[in-house]
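Asks: Next comes work_3.cif, mmCIF, C-alpha atoms (C1' of nucleotides):
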data_start
loop_
_atom_site.label_atom_id
_atom_site.label_comp_id
_atom_site.auth_asym_id
_atom_site.auth_seq_id
_atom_site.Cartn_x
_atom_site.Cartn_y
_atom_site.Cartn_z
CA MET A 287 -61.30 61.70 27.60
CA PRO A 288 -58.51 62.53 30.03
CA ALA A 289 -59.71 63.88 33.34
CA PRO A 290 -58.90 67.57 33.88
CA THR A 291 -57.03 66.95 37.15
CA LEU A 292 -56.28 70.43 38.30
CA ASP A 293 -54.01 69.59 41.22
CA LEU A 294 -53.38 73.25 41.81
CA LEU A 295 -51.22 72.91 44.88
CA LYS A 296 -48.53 70.52 43.66
CA GLY A 297 -47.27 69.62 47.09
CA THR A 298 -46.85 73.19 48.32
CA LEU A 299 -49.78 73.25 50.71
CA ASP A 300 -47.71 72.44 53.78
CA LEU A 301 -45.34 75.25 52.92
CA LEU A 302 -48.20 77.68 52.36
CA ILE A 303 -49.77 76.76 55.68
CA LEU A 304 -46.52 77.14 57.58
CA LYS A 305 -45.89 80.50 55.93
CA THR A 306 -49.40 81.68 56.75
CA LEU A 307 -48.94 80.69 60.38
CA SER A 308 -45.68 82.63 60.56
CA TRP A 309 -47.87 85.75 60.65
CA GLY A 310 -49.40 84.50 63.89
CA PRO A 311 -51.83 81.81 65.08
CA ALA A 312 -54.90 81.19 62.96
CA HIS A 313 -57.63 78.63 62.45
CA GLY A 314 -57.93 76.46 59.36
CA TYR A 315 -60.78 78.23 57.68
CA ALA A 316 -59.02 81.58 57.92
CA ILE A 317 -55.77 80.14 56.57
CA ALA A 318 -57.55 78.90 53.47
CA ARG A 319 -59.32 82.23 52.93
CA TRP A 320 -56.06 84.17 53.35
CA ILE A 321 -54.24 82.10 50.78
CA GLU A 322 -57.09 82.54 48.31
CA GLN A 323 -57.33 86.25 48.99
CA LEU A 324 -53.59 86.86 48.68
CA THR A 325 -53.38 85.03 45.37
CA GLY A 326 -56.60 86.41 43.91
CA ASP A 327 -58.00 82.88 43.88
CA ALA A 328 -55.13 81.60 41.76
CA LEU A 329 -54.67 79.11 44.57
CA GLN A 330 -57.83 77.59 45.97
CA VAL A 331 -57.71 75.52 49.10
CA GLY A 332 -60.59 73.07 49.34
CA GLU A 333 -61.51 71.62 52.70
CA GLY A 334 -60.64 68.12 51.53
CA SER A 335 -57.07 69.34 51.08
CA LEU A 336 -56.93 71.76 53.99
CA TYR A 337 -57.87 69.63 56.96
CA PRO A 338 -55.74 66.60 56.11
CA ALA A 339 -52.82 68.99 55.58
CA LEU A 340 -53.37 70.65 58.95
CA HIS A 341 -53.49 67.25 60.60
CA ARG A 342 -50.25 66.11 59.03
CA VAL A 343 -48.31 69.23 59.91
CA GLU A 344 -49.53 68.84 63.48
CA GLU A 345 -48.61 65.16 63.41
CA ARG A 346 -45.09 66.18 62.43
CA ASP A 347 -44.97 68.66 65.29
CA TRP A 348 -44.58 71.68 63.07
CA VAL A 349 -47.69 73.25 64.57
CA GLU A 350 -49.69 73.01 67.80
CA SER A 351 -53.43 73.50 68.11
CA GLU A 352 -55.84 74.83 70.68
CA TRP A 353 -59.61 75.28 70.63
CA LYS A 354 -60.70 78.89 70.95
CA VAL A 355 -63.47 81.17 69.80
CA SER A 356 -63.03 82.97 66.50
CA ALA A 357 -63.71 86.63 65.74
CA GLN A 358 -66.98 85.39 64.22
CA ASN A 359 -67.91 83.97 67.62
CA ARG A 360 -67.54 80.37 66.52
CA ARG A 361 -65.65 77.44 67.99
CA ALA A 362 -62.42 77.04 66.05
CA LYS A 363 -59.10 75.24 66.33
CA PHE A 364 -56.24 77.72 66.33
CA TYR A 365 -52.87 76.57 65.04
CA ARG A 366 -49.54 78.02 66.14
CA LEU A 367 -46.14 77.41 64.58
CA THR A 368 -43.69 75.50 66.77
CA SER A 369 -39.97 76.22 66.66
CA ALA A 370 -39.52 73.03 64.63
CA GLY A 371 -42.18 74.39 62.31
CA ARG A 372 -40.30 77.64 61.93
CA GLN A 373 -37.21 75.63 61.02
CA GLN A 374 -39.22 73.57 58.56
CA LEU A 375 -40.65 76.69 56.97
CA LYS A 376 -37.16 78.04 56.41
CA SER A 377 -35.99 74.76 54.93
CA GLU A 378 -39.02 74.24 52.68
CA THR A 379 -38.88 77.82 51.45
CA ALA A 380 -35.29 77.31 50.36
CA GLN A 381 -36.11 73.99 48.71
CA TRP A 382 -38.99 75.56 46.85
CA ALA A 383 -36.80 78.37 45.53
CA HIS A 384 -34.22 75.82 44.46
CA PHE A 385 -36.82 73.74 42.68
CA VAL A 386 -38.39 76.70 40.88
CA ASP A 387 -34.96 77.78 39.77
CA ALA A 388 -34.19 74.32 38.39
CA VAL A 389 -37.42 74.18 36.40
CA ALA A 390 -36.69 77.66 35.09
CA LYS A 391 -33.34 76.45 33.80
CA VAL A 392 -35.04 73.84 31.67
CA LEU A 393 -37.79 76.16 30.50
CA ALA A 394 -35.30 78.86 29.55
CA ALA A 395 -32.97 76.57 27.62
CA PRO A 396 -33.13 77.43 23.92
CA ARG A 397 -31.89 73.98 22.89
CA GLN A 398 -30.50 70.70 24.11
CA PRO A 399 -27.34 70.74 26.25
CA ALA A 400 -24.03 70.18 24.53
CA GLN A 401 -21.87 67.03 24.53
CA GLU A 402 -24.28 64.33 25.41
CA ALA A 403 -21.86 61.44 25.21
CA MET B 177 -41.00 58.69 61.95
CA PRO B 178 -42.24 60.56 58.88
CA ALA B 179 -40.95 59.18 55.60
CA PRO B 180 -38.56 61.51 53.75
CA THR B 181 -40.59 61.51 50.54
CA LEU B 182 -38.58 63.68 48.25
CA ASP B 183 -41.08 64.04 45.43
CA LEU B 184 -38.78 66.35 43.56
CA LEU B 185 -40.88 66.79 40.47
CA LYS B 186 -44.15 67.96 41.94
CA GLY B 187 -46.21 67.38 38.87
CA THR B 188 -43.94 69.23 36.46
CA LEU B 189 -42.51 66.19 34.72
CA ASP B 190 -44.93 66.33 31.80
CA LEU B 191 -44.06 69.97 31.25
CA LEU B 192 -40.33 69.25 31.43
CA ILE B 193 -40.66 66.43 28.92
CA LEU B 194 -42.67 68.53 26.48
CA LYS B 195 -40.16 71.36 26.79
CA THR B 196 -37.25 69.01 26.21
CA LEU B 197 -38.91 67.62 23.10
CA SER B 198 -39.43 71.12 21.74
CA TRP B 199 -35.69 71.06 20.99
CA GLY B 200 -36.27 68.13 18.68
CA PRO B 201 -37.09 64.41 18.86
CA ALA B 202 -35.36 62.38 21.53
CA HIS B 203 -35.62 59.07 23.32
CA GLY B 204 -36.56 58.70 26.96
CA TYR B 205 -33.17 58.00 28.41
CA ALA B 206 -31.68 61.08 26.76
CA ILE B 207 -34.54 63.29 27.96
CA ALA B 208 -33.88 62.27 31.54
CA ARG B 209 -30.15 62.86 31.23
CA TRP B 210 -30.69 66.29 29.64
CA ILE B 211 -32.95 67.44 32.43
CA GLU B 212 -30.46 66.30 35.04
CA GLN B 213 -27.56 67.87 33.22
CA LEU B 214 -29.31 71.21 32.69
CA THR B 215 -30.29 71.48 36.33
CA GLY B 216 -27.02 70.22 37.76
CA ASP B 217 -28.90 67.24 39.19
CA ALA B 218 -31.27 69.48 41.11
CA LEU B 219 -33.96 67.58 39.25
CA GLN B 220 -33.47 63.85 38.99
CA VAL B 221 -35.66 61.80 36.74
CA GLY B 222 -35.87 58.17 37.81
CA GLU B 223 -36.99 55.54 35.34
CA GLY B 224 -40.05 54.74 37.43
CA SER B 225 -41.18 58.32 36.87
CA LEU B 226 -39.90 58.77 33.35
CA TYR B 227 -41.49 55.90 31.48
CA PRO B 228 -44.98 56.21 32.91
CA ALA B 229 -44.80 59.93 32.11
CA LEU B 230 -43.78 59.27 28.52
CA HIS B 231 -46.62 56.79 28.16
CA ARG B 232 -49.20 59.22 29.45
CA VAL B 233 -48.11 62.13 27.26
CA GLU B 234 -48.28 59.77 24.30
CA GLU B 235 -51.68 58.51 25.46
CA ARG B 236 -52.87 62.12 25.43
CA ASP B 237 -51.49 62.61 21.93
CA TRP B 238 -49.01 65.28 22.91
CA VAL B 239 -46.17 63.20 21.49
CA GLU B 240 -45.69 60.45 18.93
CA SER B 241 -43.10 57.71 19.11
CA GLU B 242 -41.05 55.71 16.67
CA TRP B 243 -38.40 53.01 17.17
CA LYS B 244 -35.02 54.00 15.85
CA VAL B 245 -31.38 53.44 16.63
CA SER B 246 -29.69 55.85 19.03
CA ALA B 247 -26.30 57.52 18.63
CA GLN B 248 -25.04 54.79 20.97
CA ASN B 249 -26.17 52.23 18.44
CA ARG B 250 -28.98 50.94 20.60
CA ARG B 251 -32.64 50.35 19.90
CA ALA B 252 -34.55 53.31 21.30
CA LYS B 253 -38.01 54.80 21.09
CA PHE B 254 -37.82 58.36 19.80
CA TYR B 255 -40.53 60.80 20.81
CA ARG B 256 -41.61 63.79 18.76
CA LEU B 257 -43.88 66.65 19.85
CA THR B 258 -47.22 66.80 18.06
CA SER B 259 -48.90 70.09 17.29
CA ALA B 260 -51.31 69.40 20.15
CA GLY B 261 -48.23 68.84 22.30
CA ARG B 262 -46.81 72.17 21.26
CA GLN B 263 -50.08 73.78 22.26
CA GLN B 264 -50.04 71.92 25.56
CA LEU B 265 -46.48 73.03 26.22
CA LYS B 266 -47.47 76.62 25.73
CA SER B 267 -50.47 76.28 28.00
CA GLU B 268 -48.65 74.39 30.75
CA THR B 269 -45.75 76.82 30.68
CA ALA B 270 -48.14 79.70 31.26
CA GLN B 271 -49.93 77.82 34.02
CA TRP B 272 -46.65 77.03 35.72
CA ALA B 273 -45.59 80.68 35.67
CA HIS B 274 -48.97 81.66 37.06
CA PHE B 275 -48.69 79.10 39.82
CA VAL B 276 -45.15 80.08 40.80
CA ASP B 277 -46.24 83.69 40.90
CA ALA B 278 -49.16 82.85 43.19
CA VAL B 279 -46.97 80.93 45.62
CA ALA B 280 -44.49 83.81 45.58
CA LYS B 281 -47.26 86.18 46.60
CA VAL B 282 -47.90 84.17 49.73
CA LEU B 283 -44.22 83.67 50.52
CA ALA B 284 -43.50 87.36 50.07
CA ALA B 285 -46.37 88.59 52.21
CA PRO B 286 -44.98 90.15 55.39
CA ARG B 287 -48.23 89.59 57.29
CA GLN B 288 -51.83 88.53 57.02
CA PRO B 289 -54.04 90.31 54.49
CA ALA B 290 -56.17 93.19 55.71
CA GLN B 291 -59.92 93.27 56.37
CA GLU B 292 -60.77 89.65 56.91
CA ALA B 293 -64.48 90.09 57.64
"C1'" DT C 270 -89.98 80.59 64.01
"C1'" DT C 271 -88.30 78.92 60.41
"C1'" DG C 272 -85.10 78.85 57.06
"C1'" DC C 273 -80.88 80.22 54.89
"C1'" DG C 274 -76.05 81.57 54.24
"C1'" DA C 275 -71.70 81.85 56.28
"C1'" DT C 276 -68.56 80.01 59.45
"C1'" DA C 277 -66.04 75.98 61.03
"C1'" DC C 278 -64.94 71.37 61.73
"C1'" DC C 279 -64.37 66.46 59.82
"C1'" DT C 280 -63.89 61.95 56.83
"C1'" DC C 281 -64.10 59.06 52.81
"C1'" DG C 282 -62.86 57.32 48.30
"C1'" DG C 283 -61.05 57.83 43.84
"C1'" DA C 284 -57.59 59.52 40.90
"C1'" DC C 285 -53.16 60.69 40.22
"C1'" DT C 286 -47.90 61.07 40.63
"C1'" DT C 287 -43.60 59.78 42.33
"C1'" DC C 288 -40.13 56.48 43.03
"C1'" DA C 289 -37.46 52.39 44.57
"C1'" DA C 290 -37.02 47.91 43.16
"C1'" DT C 291 -36.94 44.56 39.81
"C1'" DG C 292 -36.53 42.67 35.29
"C1'" DT C 293 -34.98 42.29 30.24
"C1'" DA C 294 -31.66 43.05 26.59
"C1'" DT C 295 -27.68 44.71 23.88
"C1'" DA C 296 -23.22 47.32 22.71
"C1'" DA C 297 -18.69 48.46 23.92
"C1'" DG C 298 -14.55 47.86 26.35
"C1'" DC C 299 -11.40 45.32 29.08
"C1'" DG D 271 -16.28 36.31 29.39
"C1'" DC D 272 -17.22 40.06 32.53
"C1'" DT D 273 -18.64 44.59 33.61
"C1'" DT D 274 -20.55 49.06 32.65
"C1'" DA D 275 -23.55 51.98 30.27
"C1'" DT D 276 -27.41 52.28 27.47
"C1'" DA D 277 -32.35 51.62 26.92
"C1'" DC D 278 -36.74 49.78 27.61
"C1'" DA D 279 -40.52 48.30 30.95
"C1'" DT D 280 -43.64 47.11 35.17
"C1'" DT D 281 -44.99 46.69 39.97
"C1'" DG D 282 -46.34 48.17 44.51
"C1'" DA D 283 -46.16 51.37 48.27
"C1'" DA D 284 -46.70 55.89 49.72
"C1'" DG D 285 -48.28 60.31 49.46
"C1'" DT D 286 -51.23 64.33 47.80
"C1'" DC D 287 -55.31 66.46 46.05
"C1'" DC D 288 -60.05 67.17 45.90
"C1'" DG D 289 -65.08 66.39 45.27
"C1'" DA D 290 -68.70 64.79 47.95
"C1'" DG D 291 -70.83 64.12 52.02
"C1'" DG D 292 -71.69 64.92 57.01
"C1'" DT D 293 -72.17 67.79 61.59
"C1'" DA D 294 -73.02 72.07 64.10
"C1'" DT D 295 -73.63 76.99 65.37
"C1'" DC D 296 -74.36 81.99 64.58
"C1'" DG D 297 -76.80 85.88 62.69
"C1'" DC D 298 -80.20 87.60 59.94
"C1'" DA D 299 -84.31 88.06 57.32
"C1'" DA D 300 -88.82 86.62 55.97
#
Now that the file is in, can you turn its structure into structure tokens?
Replies:
Amino acid sequence: MPAPTLDLLKGTLDLLILKTLSWGPAHGYAIARWIEQLTGDALQVGEGSLYPALHRVEERDWVESEWKVSAQNRRAKFYRLTSAGRQQLKSETAQWAHFVDAVAKVLAAPRQPAQEA
Amino acid sequence: MPAPTLDLLKGTLDLLILKTLSWGPAHGYAIARWIEQLTGDALQVGEGSLYPALHRVEERDWVESEWKVSAQNRRAKFYRLTSAGRQQLKSETAQWAHFVDAVAKVLAAPRQPAQEA
DNA sequence: TTGCGATACCTCGGACTTCAATGTATAAGC
DNA sequence: GCTTATACATTGAAGTCCGAGGTATCGCAA
């Protein structure tokens, strides 16, 4: 039988993280909880997706990190958007909108396009 | 330097193929051209994505195939949606809408959600 | 004080998709 | 005969997701 393969995030996790950090610095665990809370658990961010994603956005210099103490009095790595990250957020947001629009065009089409050669 | 890595389709190719076939049977090459034409090339379907995708939707019994001769007088494998495929199309369309809506909720949020513990 | 749940970090491996590159073959047009 | 478009296919590299497993601390309750 075919594996279920949820793959809920479809490559949007970096965008979601950058957007979340545009509200202000946060640590990984809180970012994941915020995304879940905002979407009513429609999007779920497992730790096996979260931490690699945080590491790659830092690697690409879209965020910077610093160890601090969380509101729950625990050691946590706080991430802050860099100016390159803010630029990236803008760019990825536009690309996402463009992509969603393109898919919508196909899904809305009542029939095949005219004049295929 | 980080690889560009377009990844335009983000896991929606199966959905796009099923939708395209809901207009009637078609062969792979035509499906790809239709998607590109409908989206003004916003979505591009390379052959290395297309054919594996067609094989997996057939493997899952969402489509059936049959060799015929195309309008261009060439040997071509025509795909037809099965009733399971029609069901899958409906389900995936709903899931896609749900997903897009969830992402929009995060992107539209002006700030972090209230009362994090 | 011992144990548990929540917070918070991390890595590994498997499964999957995308996509460029490469290859085959035929029809039509020049 | 050559080129272009049509039409199929596979391979390998790269990237993402995610379940499973591991570490550690805090606060609380038994």
Asks: Just need chain B moved onto chain A: least-squares over all Cα atoms matched in order, then output as a compact mmCIF listing (two decimals) with C-alpha atoms, in the frame of the given file.
Replies:
# COMPACT_ATOMS: atom_id res chain seq x y z
CA MET B 177 -61.07 61.40 27.62
CA PRO B 178 -58.35 62.46 30.06
CA ALA B 179 -59.66 63.81 33.35
CA PRO B 180 -59.00 67.53 33.89
CA THR B 181 -57.23 67.02 37.21
CA LEU B 182 -56.38 70.51 38.28
CA ASP B 183 -54.12 69.70 41.20
CA LEU B 184 -53.41 73.34 41.79
CA LEU B 185 -51.28 72.97 44.86
CA LYS B 186 -48.62 70.57 43.66
CA GLY B 187 -47.31 69.68 47.05
CA THR B 188 -46.85 73.24 48.30
CA LEU B 189 -49.79 73.30 50.68
CA ASP B 190 -47.73 72.46 53.75
CA LEU B 191 -45.34 75.27 52.91
CA LEU B 192 -48.19 77.72 52.35
CA ILE B 193 -49.76 76.79 55.67
CA LEU B 194 -46.51 77.16 57.58
CA LYS B 195 -45.89 80.52 55.93
CA THR B 196 -49.38 81.72 56.76
CA LEU B 197 -48.93 80.71 60.38
CA SER B 198 -45.67 82.64 60.58
CA TRP B 199 -47.87 85.76 60.66
CA GLY B 200 -49.41 84.50 63.87
CA PRO B 201 -51.83 81.81 65.08
CA ALA B 202 -54.90 81.18 62.98
CA HIS B 203 -57.61 78.61 62.46
CA GLY B 204 -57.93 76.47 59.36
CA TYR B 205 -60.78 78.25 57.67
CA ALA B 206 -59.02 81.60 57.93
CA ILE B 207 -55.76 80.17 56.57
CA ALA B 208 -57.55 78.95 53.47
CA ARG B 209 -59.31 82.26 52.94
CA TRP B 210 -56.05 84.21 53.37
CA ILE B 211 -54.25 82.14 50.78
CA GLU B 212 -57.09 82.60 48.31
CA GLN B 213 -57.33 86.30 48.99
CA LEU B 214 -53.58 86.90 48.68
CA THR B 215 -53.38 85.08 45.37
CA GLY B 216 -56.59 86.47 43.91
CA ASP B 217 -58.00 82.93 43.89
CA ALA B 218 -55.14 81.66 41.76
CA LEU B 219 -54.67 79.17 44.57
CA GLN B 220 -57.82 77.64 45.96
CA VAL B 221 -57.70 75.59 49.10
CA GLY B 222 -60.57 73.12 49.34
CA GLU B 223 -61.52 71.66 52.70
CA GLY B 224 -60.63 68.16 51.54
CA SER B 225 -57.07 69.39 51.06
CA LEU B 226 -56.91 71.80 53.97
CA TYR B 227 -57.86 69.64 56.92
CA PRO B 228 -55.74 66.63 56.08
CA ALA B 229 -52.83 69.03 55.56
CA LEU B 230 -53.36 70.66 58.94
CA HIS B 231 -53.50 67.24 60.57
CA ARG B 232 -50.26 66.12 59.00
CA VAL B 233 -48.30 69.25 59.89
CA GLU B 234 -49.53 68.84 63.45
CA GLU B 235 -48.64 65.14 63.36
CA ARG B 236 -45.11 66.16 62.39
CA ASP B 237 -44.98 68.65 65.25
CA TRP B 238 -44.58 71.69 63.04
CA VAL B 239 -47.68 73.24 64.57
CA GLU B 240 -49.69 72.99 67.77
CA SER B 241 -53.42 73.47 68.08
CA GLU B 242 -55.81 74.80 70.66
CA TRP B 243 -59.60 75.24 70.64
CA LYS B 244 -60.67 78.84 70.97
CA VAL B 245 -63.44 81.10 69.82
CA SER B 246 -63.00 82.91 66.51
CA ALA B 247 -63.70 86.57 65.75
CA GLN B 248 -66.97 85.30 64.27
CA ASN B 249 -67.85 83.89 67.66
CA ARG B 250 -67.50 80.30 66.56
CA ARG B 251 -65.62 77.38 68.02
CA ALA B 252 -62.39 77.02 66.06
CA LYS B 253 -59.10 75.20 66.34
CA PHE B 254 -56.24 77.69 66.33
CA TYR B 255 -52.86 76.56 65.04
CA ARG B 256 -49.54 78.01 66.14
CA LEU B 257 -46.13 77.42 64.56
CA THR B 258 -43.68 75.50 66.74
CA SER B 259 -39.98 76.22 66.64
CA ALA B 260 -39.52 73.03 64.62
CA GLY B 261 -42.19 74.40 62.29
CA ARG B 262 -40.29 77.64 61.92
CA GLN B 263 -37.22 75.63 61.01
CA GLN B 264 -39.24 73.57 58.55
CA LEU B 265 -40.65 76.71 56.97
CA LYS B 266 -37.18 78.03 56.40
CA SER B 267 -36.00 74.76 54.92
CA GLU B 268 -39.03 74.25 52.68
CA THR B 269 -38.90 77.82 51.45
CA ALA B 270 -35.31 77.32 50.36
CA GLN B 271 -36.14 74.01 48.73
CA TRP B 272 -39.03 75.56 46.86
CA ALA B 273 -36.83 78.36 45.52
CA HIS B 274 -34.25 75.80 44.47
CA PHE B 275 -36.86 73.73 42.71
CA VAL B 276 -38.42 76.68 40.88
CA ASP B 277 -34.97 77.73 39.77
CA ALA B 278 -34.23 74.26 38.42
CA VAL B 279 -37.45 74.12 36.43
CA ALA B 280 -36.72 77.60 35.09
CA LYS B 281 -33.36 76.39 33.83
CA VAL B 282 -35.06 73.77 31.69
CA LEU B 283 -37.81 76.10 30.51
CA ALA B 284 -35.31 78.78 29.58
CA ALA B 285 -32.97 76.51 27.67
CA PRO B 286 -33.13 77.36 23.97
CA ARG B 287 -31.91 73.91 22.94
CA GLN B 288 -30.50 70.64 24.15
CA PRO B 289 -27.35 70.72 26.28
CA ALA B 290 -24.02 70.21 24.55
CA GLN B 291 -21.79 67.12 24.54
CA GLU B 292 -24.18 64.34 25.38
CA ALA B 293 -21.70 61.45 25.18
Asks: Could you list, as an MDAnalysis selection string, every residue within 8 Å of Ala318 of chain A, counting all atoms listed in the file and ignoring same-chain residues fewer than 5 positions away?
Replies: chainID A and resid 330:332 336
Asks: Taking all atoms listed in the file into account, find every residue of chain C that has an atom no more than 9 Å from chain A, and write it out as a PDB file with C-alpha atoms (C1' of nucleotides), in the coordinates of the input.
Replies:
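Written output follows (out_24.pdb):
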ATOM      1  C1'  DT C 276     -68.560  80.010  59.450  1.00  0.00           C
ATOM      2  C1'  DA C 277     -66.040  75.980  61.030  1.00  0.00           C
ATOM      3  C1'  DC C 278     -64.940  71.370  61.730  1.00  0.00           C
ATOM      4  C1'  DC C 279     -64.370  66.460  59.820  1.00  0.00           C
ATOM      5  C1'  DT C 280     -63.890  61.950  56.830  1.00  0.00           C
ATOM      6  C1'  DA C 284     -57.590  59.520  40.900  1.00  0.00           C
ATOM      7  C1'  DC C 285     -53.160  60.690  40.220  1.00  0.00           C
TER       8       DC C 285
END
Asks: Rounded to one decimal place, report the atom CA of Pro201 of chain B-atom CA of Arg256 of chain B distance in Å.
Replies: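 According to the coordinates, atom CA of Pro201 of chain B and atom CA of Arg256 of chain B are separated by 4.6 Å.
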Asks: Would you write out, as a PDB file with C-alpha atoms, keeping the file's coordinate frame, every residue that the PyMOL selection byres ((chain B) within 6 of (chain A)) captures in this file?
Replies:
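Result file follows (part-v1.pdb):
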ATOM      1  CA  LYS B 186     -44.150  67.960  41.940  1.00  0.00           C
ATOM      2  CA  TRP B 199     -35.690  71.060  20.990  1.00  0.00           C
ATOM      3  CA  THR B 215     -30.290  71.480  36.330  1.00  0.00           C
ATOM      4  CA  ALA B 278     -49.160  82.850  43.190  1.00  0.00           C
ATOM      5  CA  ARG B 287     -48.230  89.590  57.290  1.00  0.00           C
TER       6      ARG B 287
END
Asks: Up to 12 Å from chain A, what residues of chain D turn up? Count all atoms listed in the file and give them as a compact mmCIF listing (two decimals) with C-alpha atoms (C1' of nucleotides), in the coordinates of the input.
Replies:
# COMPACT_ATOMS: atom_id res chain seq x y z
C1' DA D 275 -23.55 51.98 30.27
C1' DT D 276 -27.41 52.28 27.47
C1' DG D 285 -48.28 60.31 49.46
C1' DT D 286 -51.23 64.33 47.80
C1' DC D 287 -55.31 66.46 46.05
C1' DC D 288 -60.05 67.17 45.90
C1' DG D 289 -65.08 66.39 45.27
C1' DA D 290 -68.70 64.79 47.95
C1' DG D 291 -70.83 64.12 52.02
C1' DA D 294 -73.02 72.07 64.10
C1' DT D 295 -73.63 76.99 65.37
C1' DC D 296 -74.36 81.99 64.58
C1' DG D 297 -76.80 85.88 62.69
Asks: Exactly which residues make up the result of the PyMOL selection byres ((chain C and resi 271) around 12) on this file, given as a PyMOL selection string?
Replies: (chain C and resi 270+272-273) or (chain D and resi 298-300)
Asks: Which residues, named as in the file, does the PyMOL selection byres ((chain B and resi 263) around 12) pick out? Answer as a PyMOL selection string.
Replies: chain B and resi 191+194-195+198+237-239+257-262+264-270
Asks: Take the residues just selected and output them with C-alpha atoms as a CSV table (one decimal), in the coordinates of the input.
Replies:
chain,number,residue,atom,x,y,z
B,191,LEU,CA,-44.1,70.0,31.2
B,194,LEU,CA,-42.7,68.5,26.5
B,195,LYS,CA,-40.2,71.4,26.8
B,198,SER,CA,-39.4,71.1,21.7
B,237,ASP,CA,-51.5,62.6,21.9
B,238,TRP,CA,-49.0,65.3,22.9
B,239,VAL,CA,-46.2,63.2,21.5
B,257,LEU,CA,-43.9,66.6,19.8
B,258,THR,CA,-47.2,66.8,18.1
B,259,SER,CA,-48.9,70.1,17.3
B,260,ALA,CA,-51.3,69.4,20.2
B,261,GLY,CA,-48.2,68.8,22.3
B,262,ARG,CA,-46.8,72.2,21.3
B,264,GLN,CA,-50.0,71.9,25.6
B,265,LEU,CA,-46.5,73.0,26.2
B,266,LYS,CA,-47.5,76.6,25.7
B,267,SER,CA,-50.5,76.3,28.0
B,268,GLU,CA,-48.6,74.4,30.8
B,269,THR,CA,-45.8,76.8,30.7
B,270,ALA,CA,-48.1,79.7,31.3
Asks: So what do you get for atom CA of Asp190 of chain B versus atom CA of Val233 of chain B, distance-wise?
Replies: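 Computing it gives 7.0 Å between the two atoms.
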Asks: Using all atoms listed in the file, can you list as JSON, numbers by chain the residues within 6 Å of (-31.4, 46.3, 26.1)?
Replies: {"C": [294, 295], "D": [277]}
Asks: Quick check, in Å to one decimal: how far apart do atom CA of Trp243 of chain B and atom C1' of DC278 of chain D lie?
Replies: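 That distance, rounded to one decimal, is 11.1 Å.
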Asks: Could you name the residues that touch DG282 of chain D at 12 Å or less, counting all atoms listed in the file, but leaving out those on the same chain fewer than 5 positions away, as a list in words?
Replies: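 The residues that qualify are Gly224 of chain B; DC288, DA289, DA290 and DT291 of chain C.
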